[in-house]
file coords-v9.tsv (TSV, N, CA and C atoms)
chain	number	residue	atom	x	y	z
A	1	MET	N	0.85	-1.17	0.00
A	1	MET	CA	0.00	0.00	0.00
A	1	MET	C	0.90	1.24	0.00
A	2	SER	N	0.69	2.13	-0.92
A	2	SER	CA	1.57	3.28	-1.04
A	2	SER	C	1.05	4.52	-0.29
A	3	MET	N	-0.25	4.57	0.01
A	3	MET	CA	-0.79	5.70	0.76
A	3	MET	C	-1.95	5.20	1.62
A	4	THR	N	-1.89	5.49	2.91
A	4	THR	CA	-2.93	5.06	3.84
A	4	THR	C	-3.51	6.29	4.54
A	5	PRO	N	-4.75	6.64	4.25
A	5	PRO	CA	-5.34	7.80	4.92
A	5	PRO	C	-5.84	7.44	6.32
A	6	TYR	N	-5.76	8.41	7.21
A	6	TYR	CA	-6.35	8.32	8.54
A	6	TYR	C	-7.20	9.58	8.70
A	7	LEU	N	-8.47	9.47	8.40
A	7	LEU	CA	-9.36	10.62	8.42
A	7	LEU	C	-10.26	10.60	9.66
A	8	LYS	N	-10.58	11.79	10.18
A	8	LYS	CA	-11.46	11.87	11.34
A	8	LYS	C	-12.82	11.25	11.04
A	9	THR	N	-13.25	11.34	9.79
A	9	THR	CA	-14.59	10.89	9.41
A	9	THR	C	-14.65	9.42	8.98
A	10	MET	N	-13.53	8.75	8.88
A	10	MET	CA	-13.55	7.38	8.38
A	10	MET	C	-14.07	6.41	9.43
A	11	GLU	N	-14.68	5.34	8.97
A	11	GLU	CA	-15.14	4.29	9.86
A	11	GLU	C	-13.93	3.59	10.46
A	12	ARG	N	-13.97	3.35	11.76
A	12	ARG	CA	-12.85	2.69	12.45
A	12	ARG	C	-12.96	1.18	12.27
A	13	GLN	N	-11.92	0.59	11.68
A	13	GLN	CA	-11.86	-0.85	11.49
A	13	GLN	C	-11.28	-1.51	12.74
A	14	PRO	N	-11.72	-2.73	13.04
A	14	PRO	CA	-11.15	-3.44	14.20
A	14	PRO	C	-9.64	-3.64	14.02
A	15	LEU	N	-8.93	-3.60	15.14
A	15	LEU	CA	-7.49	-3.82	15.14
A	15	LEU	C	-7.20	-5.20	15.74
A	16	ASP	N	-5.99	-5.72	15.48
A	16	ASP	CA	-5.59	-7.01	16.03
A	16	ASP	C	-5.35	-6.87	17.54
A	17	LEU	N	-5.86	-7.80	18.32
A	17	LEU	CA	-5.66	-7.77	19.77
A	17	LEU	C	-4.20	-8.08	20.09
A	18	TRP	N	-3.58	-7.21	20.87
A	18	TRP	CA	-2.18	-7.40	21.25
A	18	TRP	C	-2.04	-7.78	22.72
A	19	GLY	N	-3.12	-7.82	23.47
A	19	GLY	CA	-3.06	-8.23	24.87
A	19	GLY	C	-2.97	-7.05	25.82
A	20	CYS	N	-2.26	-7.27	26.92
A	20	CYS	CA	-2.10	-6.25	27.95
A	20	CYS	C	-0.76	-5.53	27.76
A	21	PRO	N	-0.52	-4.44	28.50
A	21	PRO	CA	0.75	-3.73	28.34
A	21	PRO	C	1.99	-4.62	28.50
A	22	GLU	N	1.93	-5.60	29.39
A	22	GLU	CA	3.08	-6.48	29.57
A	22	GLU	C	3.42	-7.25	28.30
A	23	ASP	N	2.41	-7.52	27.46
A	23	ASP	CA	2.62	-8.24	26.20
A	23	ASP	C	3.35	-7.40	25.15
A	24	ILE	N	3.42	-6.07	25.37
A	24	ILE	CA	4.14	-5.19	24.44
A	24	ILE	C	5.33	-4.52	25.13
A	25	GLY	N	5.80	-5.12	26.24
A	25	GLY	CA	7.00	-4.62	26.90
A	25	GLY	C	6.78	-3.46	27.85
A	26	SER	N	5.55	-3.28	28.33
A	26	SER	CA	5.22	-2.18	29.23
A	26	SER	C	4.74	-2.73	30.57
A	27	GLN	N	4.33	-1.84	31.49
A	27	GLN	CA	3.92	-2.26	32.83
A	27	GLN	C	2.59	-1.59	33.19
A	28	THR	N	1.57	-2.40	33.49
A	28	THR	CA	0.28	-1.88	33.93
A	28	THR	C	0.44	-1.24	35.30
A	29	VAL	N	-0.14	-0.06	35.46
A	29	VAL	CA	-0.13	0.66	36.73
A	29	VAL	C	-1.52	0.64	37.37
A	30	GLU	N	-2.56	0.75	36.53
A	30	GLU	CA	-3.93	0.81	37.05
A	30	GLU	C	-4.91	0.32	35.99
A	31	GLY	N	-5.88	-0.48	36.40
A	31	GLY	CA	-6.94	-0.93	35.50
A	31	GLY	C	-6.57	-2.19	34.74
A	32	LYS	N	-7.51	-2.60	33.89
A	32	LYS	CA	-7.32	-3.79	33.04
A	32	LYS	C	-7.12	-3.31	31.60
A	33	VAL	N	-5.99	-2.69	31.37
A	33	VAL	CA	-5.68	-2.09	30.07
A	33	VAL	C	-5.51	-3.19	29.02
A	34	ARG	N	-6.11	-2.97	27.86
A	34	ARG	CA	-5.97	-3.87	26.72
A	34	ARG	C	-5.49	-3.07	25.52
A	35	CYS	N	-4.59	-3.65	24.76
A	35	CYS	CA	-3.97	-2.99	23.61
A	35	CYS	C	-4.33	-3.73	22.33
A	36	ALA	N	-4.41	-2.97	21.25
A	36	ALA	CA	-4.66	-3.55	19.92
A	36	ALA	C	-3.93	-2.68	18.90
A	37	GLY	N	-3.67	-3.25	17.74
A	37	GLY	CA	-2.98	-2.46	16.73
A	37	GLY	C	-2.96	-3.10	15.37
A	38	ARG	N	-2.37	-2.37	14.45
A	38	ARG	CA	-2.22	-2.83	13.08
A	38	ARG	C	-1.00	-2.12	12.49
A	39	PHE	N	-0.18	-2.86	11.77
A	39	PHE	CA	0.96	-2.28	11.06
A	39	PHE	C	0.55	-2.02	9.61
A	40	ASP	N	0.66	-0.77	9.20
A	40	ASP	CA	0.36	-0.41	7.81
A	40	ASP	C	1.62	-0.25	6.99
A	41	ILE	N	2.75	-0.12	7.69
A	41	ILE	CA	4.04	-0.06	7.02
A	41	ILE	C	5.07	-0.68	7.96
A	42	GLY	N	5.89	-1.59	7.44
A	42	GLY	CA	6.94	-2.21	8.23
A	42	GLY	C	6.43	-3.08	9.37
A	43	SER	N	7.34	-3.36	10.30
A	43	SER	CA	7.05	-4.13	11.51
A	43	SER	C	8.07	-3.69	12.56
A	44	PRO	N	7.85	-4.06	13.83
A	44	PRO	CA	8.83	-3.65	14.85
A	44	PRO	C	10.26	-4.15	14.58
A	45	ASP	N	10.42	-5.10	13.67
A	45	ASP	CA	11.75	-5.57	13.30
A	45	ASP	C	12.38	-4.67	12.24
A	46	SER	N	11.62	-3.74	11.68
A	46	SER	CA	12.11	-2.81	10.66
A	46	SER	C	12.67	-1.57	11.33
A	47	SER	N	13.43	-0.78	10.60
A	47	SER	CA	13.93	0.48	11.15
A	47	SER	C	12.83	1.55	11.16
A	48	VAL	N	11.81	1.38	10.33
A	48	VAL	CA	10.66	2.29	10.30
A	48	VAL	C	9.39	1.43	10.24
A	49	PHE	N	8.42	1.76	11.08
A	49	PHE	CA	7.13	1.07	11.04
A	49	PHE	C	6.04	2.00	11.55
A	50	GLY	N	4.81	1.66	11.23
A	50	GLY	CA	3.72	2.50	11.70
A	50	GLY	C	2.38	1.92	11.35
A	51	GLY	N	1.35	2.55	11.89
A	51	GLY	CA	-0.01	2.10	11.66
A	51	GLY	C	-0.93	2.73	12.67
A	52	GLN	N	-1.78	1.89	13.26
A	52	GLN	CA	-2.71	2.35	14.28
A	52	GLN	C	-2.55	1.51	15.53
A	53	TYR	N	-2.85	2.15	16.66
A	53	TYR	CA	-2.74	1.51	17.97
A	53	TYR	C	-3.91	2.01	18.81
A	54	SER	N	-4.56	1.10	19.53
A	54	SER	CA	-5.61	1.51	20.45
A	54	SER	C	-5.37	0.89	21.81
A	55	VAL	N	-5.94	1.54	22.82
A	55	VAL	CA	-5.74	1.12	24.20
A	55	VAL	C	-6.98	1.50	24.99
A	56	THR	N	-7.32	0.68	25.99
A	56	THR	CA	-8.49	0.93	26.80
A	56	THR	C	-8.13	1.68	28.08
A	57	ARG	N	-9.15	2.17	28.77
A	57	ARG	CA	-8.98	2.99	29.97
A	57	ARG	C	-8.06	2.33	31.00
A	58	GLY	N	-7.21	3.15	31.62
A	58	GLY	CA	-6.30	2.69	32.66
A	58	GLY	C	-4.98	3.44	32.55
A	59	LYS	N	-3.98	2.92	33.24
A	59	LYS	CA	-2.66	3.54	33.21
A	59	LYS	C	-1.59	2.47	33.01
A	60	TYR	N	-0.59	2.81	32.22
A	60	TYR	CA	0.58	1.95	32.09
A	60	TYR	C	1.81	2.79	31.82
A	61	ARG	N	2.96	2.23	32.11
A	61	ARG	CA	4.21	2.94	31.84
A	61	ARG	C	5.04	2.14	30.87
A	62	THR	N	5.79	2.90	30.08
A	62	THR	CA	6.67	2.29	29.09
A	62	THR	C	7.87	3.19	28.86
A	63	THR	N	8.98	2.59	28.49
A	63	THR	CA	10.13	3.37	28.03
A	63	THR	C	10.21	3.13	26.53
A	64	TYR	N	10.12	4.22	25.77
A	64	TYR	CA	10.03	4.10	24.32
A	64	TYR	C	11.29	3.47	23.74
A	65	ALA	N	11.08	2.39	22.96
A	65	ALA	CA	12.17	1.67	22.29
A	65	ALA	C	12.39	2.21	20.89
A	66	PHE	N	11.71	3.31	20.55
A	66	PHE	CA	11.79	3.91	19.22
A	66	PHE	C	11.40	5.38	19.33
A	67	HIS	N	11.74	6.15	18.31
A	67	HIS	CA	11.27	7.53	18.19
A	67	HIS	C	9.87	7.43	17.57
A	68	GLU	N	8.94	8.26	18.04
A	68	GLU	CA	7.58	8.17	17.54
A	68	GLU	C	6.98	9.54	17.26
A	69	HIS	N	6.30	9.63	16.12
A	69	HIS	CA	5.38	10.74	15.86
A	69	HIS	C	4.00	10.11	15.81
A	70	ALA	N	3.05	10.65	16.58
A	70	ALA	CA	1.71	10.08	16.63
A	70	ALA	C	0.67	11.19	16.66
A	71	THR	N	-0.51	10.85	16.17
A	71	THR	CA	-1.67	11.73	16.24
A	71	THR	C	-2.81	10.94	16.86
A	72	LEU	N	-3.42	11.51	17.89
A	72	LEU	CA	-4.55	10.86	18.53
A	72	LEU	C	-5.77	10.99	17.63
A	73	MET	N	-6.37	9.88	17.29
A	73	MET	CA	-7.53	9.86	16.42
A	73	MET	C	-8.83	9.93	17.23
A	74	ASP	N	-8.87	9.22	18.36
A	74	ASP	CA	-10.06	9.13	19.20
A	74	ASP	C	-9.65	9.08	20.66
A	75	GLY	N	-10.50	9.60	21.54
A	75	GLY	CA	-10.30	9.47	22.97
A	75	GLY	C	-9.50	10.60	23.59
A	76	GLU	N	-9.11	10.38	24.84
A	76	GLU	CA	-8.31	11.35	25.58
A	76	GLU	C	-7.25	10.61	26.38
A	77	VAL	N	-6.01	11.07	26.28
A	77	VAL	CA	-4.91	10.51	27.06
A	77	VAL	C	-4.09	11.63	27.66
A	78	ALA	N	-3.53	11.35	28.82
A	78	ALA	CA	-2.55	12.24	29.43
A	78	ALA	C	-1.23	11.48	29.41
A	79	LEU	N	-0.22	12.06	28.80
A	79	LEU	CA	1.11	11.44	28.74
A	79	LEU	C	2.04	12.22	29.65
A	80	THR	N	2.70	11.50	30.54
A	80	THR	CA	3.64	12.11	31.47
A	80	THR	C	5.05	11.62	31.15
A	81	ASN	N	5.96	12.56	30.89
A	81	ASN	CA	7.37	12.24	30.74
A	81	ASN	C	7.88	12.02	32.15
A	82	GLU	N	8.14	10.78	32.51
A	82	GLU	CA	8.52	10.48	33.90
A	82	GLU	C	9.93	10.96	34.24
A	83	ALA	N	10.72	11.33	33.25
A	83	ALA	CA	12.05	11.89	33.53
A	83	ALA	C	11.95	13.35	33.97
A	84	THR	N	10.93	14.07	33.46
A	84	THR	CA	10.80	15.49	33.77
A	84	THR	C	9.57	15.82	34.62
A	85	GLY	N	8.59	14.91	34.65
A	85	GLY	CA	7.35	15.15	35.36
A	85	GLY	C	6.32	15.93	34.55
A	86	GLU	N	6.66	16.35	33.32
A	86	GLU	CA	5.74	17.11	32.49
A	86	GLU	C	4.60	16.22	31.99
A	87	THR	N	3.36	16.70	32.15
A	87	THR	CA	2.17	15.99	31.67
A	87	THR	C	1.45	16.86	30.65
A	88	VAL	N	1.04	16.24	29.55
A	88	VAL	CA	0.25	16.92	28.53
A	88	VAL	C	-0.98	16.06	28.26
A	89	ILE	N	-2.15	16.71	28.19
A	89	ILE	CA	-3.40	16.01	27.89
A	89	ILE	C	-3.69	16.19	26.40
A	90	TYR	N	-3.98	15.07	25.71
A	90	TYR	CA	-4.23	15.06	24.28
A	90	TYR	C	-5.65	14.62	23.97
A	91	GLY	N	-6.24	15.22	22.95
A	91	GLY	CA	-7.54	14.85	22.43
A	91	GLY	C	-7.44	14.60	20.94
A	92	PRO	N	-8.54	14.22	20.30
A	92	PRO	CA	-8.53	13.92	18.87
A	92	PRO	C	-7.93	15.05	18.04
A	93	GLY	N	-6.99	14.68	17.16
A	93	GLY	CA	-6.31	15.64	16.29
A	93	GLY	C	-5.01	16.17	16.85
A	94	ASP	N	-4.76	15.96	18.15
A	94	ASP	CA	-3.50	16.41	18.76
A	94	ASP	C	-2.39	15.41	18.43
A	95	SER	N	-1.17	15.92	18.31
A	95	SER	CA	-0.02	15.09	17.94
A	95	SER	C	1.12	15.26	18.93
A	96	TRP	N	2.05	14.31	18.91
A	96	TRP	CA	3.26	14.40	19.73
A	96	TRP	C	4.42	13.73	19.03
A	97	ILE	N	5.62	14.08	19.49
A	97	ILE	CA	6.85	13.39	19.11
A	97	ILE	C	7.50	12.98	20.42
A	98	ILE	N	7.85	11.70	20.53
A	98	ILE	CA	8.52	11.18	21.72
A	98	ILE	C	9.84	10.56	21.27
A	99	ALA	N	10.91	10.93	21.94
A	99	ALA	CA	12.24	10.41	21.60
A	99	ALA	C	12.47	9.03	22.21
A	100	LYS	N	13.18	8.22	21.49
A	100	LYS	CA	13.58	6.90	21.96
A	100	LYS	C	14.25	7.03	23.32
A	101	GLY	N	13.89	6.13	24.26
A	101	GLY	CA	14.47	6.13	25.60
A	101	GLY	C	13.69	6.93	26.62
A	102	THR	N	12.64	7.64	26.19
A	102	THR	CA	11.85	8.45	27.11
A	102	THR	C	10.90	7.57	27.92
A	103	PRO	N	10.93	7.68	29.25
A	103	PRO	CA	9.98	6.94	30.08
A	103	PRO	C	8.65	7.70	30.15
A	104	VAL	N	7.55	7.04	29.75
A	104	VAL	CA	6.26	7.72	29.65
A	104	VAL	C	5.20	6.95	30.42
A	105	LEU	N	4.41	7.69	31.22
A	105	LEU	CA	3.24	7.13	31.87
A	105	LEU	C	2.04	7.49	31.01
A	106	TRP	N	1.33	6.48	30.52
A	106	TRP	CA	0.11	6.66	29.75
A	106	TRP	C	-1.07	6.60	30.71
A	107	ASP	N	-1.91	7.65	30.71
A	107	ASP	CA	-3.14	7.69	31.49
A	107	ASP	C	-4.27	7.82	30.48
A	108	ILE	N	-4.95	6.70	30.19
A	108	ILE	CA	-6.02	6.69	29.20
A	108	ILE	C	-7.30	7.07	29.93
A	109	ARG	N	-7.84	8.24	29.60
A	109	ARG	CA	-8.96	8.82	30.34
A	109	ARG	C	-10.31	8.56	29.70
A	110	SER	N	-10.33	7.97	28.53
A	110	SER	CA	-11.58	7.62	27.85
A	110	SER	C	-11.67	6.09	27.82
A	111	ASP	N	-12.84	5.57	27.47
A	111	ASP	CA	-12.98	4.10	27.42
A	111	ASP	C	-11.99	3.48	26.45
A	112	GLU	N	-11.68	4.19	25.38
A	112	GLU	CA	-10.69	3.74	24.41
A	112	GLU	C	-10.03	4.96	23.78
A	113	ALA	N	-8.77	4.83	23.44
A	113	ALA	CA	-8.05	5.86	22.71
A	113	ALA	C	-7.37	5.17	21.52
A	114	ARG	N	-7.32	5.87	20.39
A	114	ARG	CA	-6.69	5.31	19.19
A	114	ARG	C	-5.79	6.37	18.58
A	115	LYS	N	-4.61	5.95	18.19
A	115	LYS	CA	-3.66	6.85	17.54
A	115	LYS	C	-3.20	6.25	16.23
A	116	SER	N	-2.75	7.11	15.33
A	116	SER	CA	-1.96	6.68	14.19
A	116	SER	C	-0.53	7.08	14.53
A	117	TYR	N	0.43	6.31	14.06
A	117	TYR	CA	1.82	6.60	14.45
A	117	TYR	C	2.81	6.14	13.41
A	118	LEU	N	3.99	6.75	13.47
A	118	LEU	CA	5.13	6.35	12.68
A	118	LEU	C	6.31	6.27	13.64
A	119	ALA	N	7.00	5.16	13.64
A	119	ALA	CA	8.11	4.93	14.57
A	119	ALA	C	9.40	4.65	13.81
A	120	VAL	N	10.51	5.12	14.38
A	120	VAL	CA	11.84	4.90	13.83
A	120	VAL	C	12.70	4.30	14.93
A	121	THR	N	13.28	3.13	14.66
A	121	THR	CA	14.07	2.46	15.69
A	121	THR	C	15.53	2.87	15.68
A	122	ASP	N	16.03	3.38	14.53
A	122	ASP	CA	17.44	3.79	14.45
A	122	ASP	C	17.71	4.99	15.34
A	123	ASP	N	18.92	5.07	15.90
A	123	ASP	CA	19.30	6.25	16.64
A	123	ASP	C	19.51	7.40	15.66
A	124	ILE	N	19.09	8.59	16.07
A	124	ILE	CA	19.25	9.76	15.20
A	124	ILE	C	19.89	10.90	15.97

call {"tool": "encode", "arguments": {"input": "coords-v9.tsv", "output": "structure tokens"}}
result
Amino acid sequence: MSMTPYLKTMERQPLDLWGCPEDIGSQTVEGKVRCAGRFDIGSPDSSVFGGQYSVTRGKYRTTYAFHEHATLMDGEVALTNEATGETVIYGPGDSWIIAKGTPVLWDIRSDEARKSYLAVTDDI
């Protein structure tokens, strides 16, 4: 696929179930968080990969194993950089860039949140 649109108005397709945060290398802090996703380009074994990711209400922490640019498509999340204590609340249409190695606390404040993302595993 050479071009994949992510439009606010598009129907949301089901994503593949990925399990709980521990199944993706993270740590649950609160709730019964469930993760799902789809790769539209590459895979985590590639130097560049991306697609969609969704997560249910709760909290988990992770240290980013890649650089990421993401845009929240649905829901509300508060992301806390645990190295600095800075928290930013994101809603649909908001974007972020997170550098590889950053420890982040995800606080999913809606029943579900979905993002589109592009990740780069190489050091830059």

call {"tool": "atom_distance", "arguments": {"input": "coords-v9.tsv", "atom1": "atom N of Arg114 of chain A", "atom2": "atom N of Pro5 of chain A"}}
result
16.4 Å

call {"tool": "residues_around", "arguments": {"input": "coords-v9.tsv", "residues": "Trp106 of chain A", "least_positions_apart": "4", "cutoff": "6 Å", "atoms": "only N, CA and C atoms", "output": "PDB file with N, CA and C atoms, in the frame of the given file"}}
result
ATOM      1  N   GLY A  58      -7.210   3.150  31.620  1.00  0.00           N
ATOM      2  CA  GLY A  58      -6.300   2.690  32.660  1.00  0.00           C
ATOM      3  C   GLY A  58      -4.980   3.440  32.550  1.00  0.00           C
ATOM      4  N   LYS A  59      -3.980   2.920  33.240  1.00  0.00           N
ATOM      5  CA  LYS A  59      -2.660   3.540  33.210  1.00  0.00           C
ATOM      6  C   LYS A  59      -1.590   2.470  33.010  1.00  0.00           C
ATOM      7  N   TYR A  60      -0.590   2.810  32.220  1.00  0.00           N
ATOM      8  CA  TYR A  60       0.580   1.950  32.090  1.00  0.00           C
ATOM      9  C   TYR A  60       1.810   2.790  31.820  1.00  0.00           C
ATOM     10  N   ARG A  61       2.960   2.230  32.110  1.00  0.00           N
ATOM     11  CA  ARG A  61       4.210   2.940  31.840  1.00  0.00           C
ATOM     12  C   ARG A  61       5.040   2.140  30.870  1.00  0.00           C
ATOM     13  N   THR A  62       5.790   2.900  30.080  1.00  0.00           N
ATOM     14  CA  THR A  62       6.670   2.290  29.090  1.00  0.00           C
ATOM     15  C   THR A  62       7.870   3.190  28.860  1.00  0.00           C
ATOM     16  N   ALA A  78      -3.530  11.350  28.820  1.00  0.00           N
ATOM     17  CA  ALA A  78      -2.550  12.240  29.430  1.00  0.00           C
ATOM     18  C   ALA A  78      -1.230  11.480  29.410  1.00  0.00           C
ATOM     19  N   LEU A  79      -0.220  12.060  28.800  1.00  0.00           N
ATOM     20  CA  LEU A  79       1.110  11.440  28.740  1.00  0.00           C
ATOM     21  C   LEU A  79       2.040  12.220  29.650  1.00  0.00           C
ATOM     22  N   THR A  80       2.700  11.500  30.540  1.00  0.00           N
ATOM     23  CA  THR A  80       3.640  12.110  31.470  1.00  0.00           C
ATOM     24  C   THR A  80       5.050  11.620  31.150  1.00  0.00           C
TER      25      THR A  80
END

call {"tool": "atom_distance", "arguments": {"input": "coords-v9.tsv", "atom1": "atom CA of Tyr6 of chain A", "atom2": "atom CA of Leu105 of chain A"}}
result
25.3 Å

call {"tool": "select_by_dssp", "arguments": {"input": "coords-v9.tsv", "residues": "chain A", "states": "helix (DSSP H, G or I)", "output": "list in words"}}
result
Pro21, Glu22, Asp23 and Ile24 of chain A

call {"tool": "residues_around", "arguments": {"input": "coords-v9.tsv", "residues": "segment 23-30 of chain A", "least_positions_apart": "2", "cutoff": "12 Å", "atoms": "only C-alpha atoms", "output": "ChimeraX atom specification"}}
result
/A:17-21,32-37,44,53,55-65,103-109

call {"tool": "select_by_dssp", "arguments": {"input": "coords-v9.tsv", "residues": "segment 44-99 of chain A", "states": "strand (DSSP E or B)", "output": "JSON, numbers by chain"}}
result
{"A": [48, 49, 50, 51, 52, 53, 54, 55, 56, 57, 58, 59, 60, 61, 62, 63, 67, 68, 69, 70, 71, 72, 73, 74, 77, 78, 79, 80, 81, 87, 88, 89, 90, 95, 96, 97, 98]}

call {"tool": "residues_near_point", "arguments": {"input": "coords-v9.tsv", "point": "(-11.1, 5.7, 14.1)", "cutoff": "8 Å", "atoms": "only N, CA and C atoms", "output": "MDAnalysis selection string"}}
result
chainID A and resid 6:13 73:74 114:115

call {"tool": "atom_distance", "arguments": {"input": "coords-v9.tsv", "atom1": "atom N of Asp122 of chain A", "atom2": "atom C of Tyr90 of chain A"}}
result
26.2 Å

call {"tool": "closest_residue", "arguments": {"input": "coords-v9.tsv", "among": "A:Thr71, A:Ser95, A:Ser54, A:Thr84", "to": "Glu112 of chain A", "atoms": "only C-alpha atoms"}}
result
A:Ser54

call {"tool": "residues_around", "arguments": {"input": "coords-v9.tsv", "residues": "Trp96 of chain A", "least_positions_apart": "2", "cutoff": "6.5 Å", "atoms": "all atoms listed in the file", "output": "number ranges by chain"}}
result
A: 68-72, 94, 98

call {"tool": "write_last_selection", "arguments": {"input": "coords-v9.tsv", "atoms": "N, CA and C atoms", "output": "short mmCIF file (atom, residue, chain, number, x, y, z; two decimals), in the coordinates of the input"}}
result
data_model
loop_
_atom_site.label_atom_id
_atom_site.label_comp_id
_atom_site.auth_asym_id
_atom_site.auth_seq_id
_atom_site.Cartn_x
_atom_site.Cartn_y
_atom_site.Cartn_z
N GLU A 68 8.94 8.26 18.04
CA GLU A 68 7.58 8.17 17.54
C GLU A 68 6.98 9.54 17.26
N HIS A 69 6.30 9.63 16.12
CA HIS A 69 5.38 10.74 15.86
C HIS A 69 4.00 10.11 15.81
N ALA A 70 3.05 10.65 16.58
CA ALA A 70 1.71 10.08 16.63
C ALA A 70 0.67 11.19 16.66
N THR A 71 -0.51 10.85 16.17
CA THR A 71 -1.67 11.73 16.24
C THR A 71 -2.81 10.94 16.86
N LEU A 72 -3.42 11.51 17.89
CA LEU A 72 -4.55 10.86 18.53
C LEU A 72 -5.77 10.99 17.63
N ASP A 94 -4.76 15.96 18.15
CA ASP A 94 -3.50 16.41 18.76
C ASP A 94 -2.39 15.41 18.43
N ILE A 98 7.85 11.70 20.53
CA ILE A 98 8.52 11.18 21.72
C ILE A 98 9.84 10.56 21.27
#

call {"tool": "closest_residue", "arguments": {"input": "coords-v9.tsv", "among": "A:Pro14, A:Ala113, A:Thr102, A:Gly50", "to": "Glu82 of chain A", "atoms": "all atoms listed in the file"}}
result
A:Thr102

call {"tool": "closest_residue", "arguments": {"input": "coords-v9.tsv", "among": "A:Val77, A:Thr4, A:Arg38, A:Ser46", "to": "Ser110 of chain A", "atoms": "only N, CA and C atoms"}}
result
A:Val77

call {"tool": "closest_residue", "arguments": {"input": "coords-v9.tsv", "among": "A:Ile41, A:Val48, A:Leu15, A:Met3", "to": "Val120 of chain A", "atoms": "all atoms listed in the file"}}
result
A:Val48

call {"tool": "build_atoms", "arguments": {"input": "coords-v9.tsv", "residues": "segment 94-99 of chain A", "atoms": "all heavy atoms", "output": "mmCIF file, in the coordinates of the input"}}
result
data_model
loop_
_atom_site.group_PDB
_atom_site.id
_atom_site.type_symbol
_atom_site.label_atom_id
_atom_site.label_comp_id
_atom_site.auth_asym_id
_atom_site.auth_seq_id
_atom_site.Cartn_x
_atom_site.Cartn_y
_atom_site.Cartn_z
ATOM 1 N N ASP A 94 -4.760 15.960 18.150
ATOM 2 C CA ASP A 94 -3.500 16.410 18.760
ATOM 3 C C ASP A 94 -2.390 15.410 18.430
ATOM 4 O O ASP A 94 -2.626 14.205 18.307
ATOM 5 C CB ASP A 94 -3.632 16.518 20.283
ATOM 6 C CG ASP A 94 -4.589 17.617 20.714
ATOM 7 O OD1 ASP A 94 -4.803 18.569 19.938
ATOM 8 O OD2 ASP A 94 -5.123 17.517 21.845
ATOM 9 N N SER A 95 -1.170 15.920 18.310
ATOM 10 C CA SER A 95 -0.020 15.090 17.940
ATOM 11 C C SER A 95 1.120 15.260 18.930
ATOM 12 O O SER A 95 1.170 16.240 19.668
ATOM 13 C CB SER A 95 0.490 15.485 16.545
ATOM 14 O OG SER A 95 -0.496 15.312 15.577
ATOM 15 N N TRP A 96 2.050 14.310 18.910
ATOM 16 C CA TRP A 96 3.260 14.400 19.730
ATOM 17 C C TRP A 96 4.420 13.730 19.030
ATOM 18 O O TRP A 96 4.247 12.946 18.105
ATOM 19 C CB TRP A 96 3.056 13.771 21.109
ATOM 20 C CG TRP A 96 2.706 12.305 21.091
ATOM 21 C CD1 TRP A 96 3.558 11.239 20.949
ATOM 22 C CD2 TRP A 96 1.403 11.735 21.244
ATOM 23 N NE1 TRP A 96 2.864 10.050 20.996
ATOM 24 C CE2 TRP A 96 1.542 10.334 21.181
ATOM 25 C CE3 TRP A 96 0.132 12.277 21.433
ATOM 26 C CZ2 TRP A 96 0.449 9.470 21.300
ATOM 27 C CZ3 TRP A 96 -0.939 11.412 21.552
ATOM 28 C CH2 TRP A 96 -0.773 10.038 21.491
ATOM 29 N N ILE A 97 5.620 14.080 19.490
ATOM 30 C CA ILE A 97 6.850 13.390 19.110
ATOM 31 C C ILE A 97 7.500 12.980 20.420
ATOM 32 O O ILE A 97 7.660 13.796 21.335
ATOM 33 C CB ILE A 97 7.802 14.299 18.308
ATOM 34 C CG1 ILE A 97 7.189 14.646 16.951
ATOM 35 C CG2 ILE A 97 9.161 13.619 18.133
ATOM 36 C CD1 ILE A 97 7.999 15.636 16.132
ATOM 37 N N ILE A 98 7.850 11.700 20.530
ATOM 38 C CA ILE A 98 8.520 11.180 21.720
ATOM 39 C C ILE A 98 9.840 10.560 21.270
ATOM 40 O O ILE A 98 9.868 9.745 20.337
ATOM 41 C CB ILE A 98 7.651 10.139 22.448
ATOM 42 C CG1 ILE A 98 6.364 10.805 22.959
ATOM 43 C CG2 ILE A 98 8.425 9.489 23.596
ATOM 44 C CD1 ILE A 98 5.379 9.870 23.616
ATOM 45 N N ALA A 99 10.910 10.930 21.940
ATOM 46 C CA ALA A 99 12.240 10.410 21.600
ATOM 47 C C ALA A 99 12.470 9.030 22.210
ATOM 48 O O ALA A 99 11.991 8.741 23.321
ATOM 49 C CB ALA A 99 13.318 11.369 22.084
#
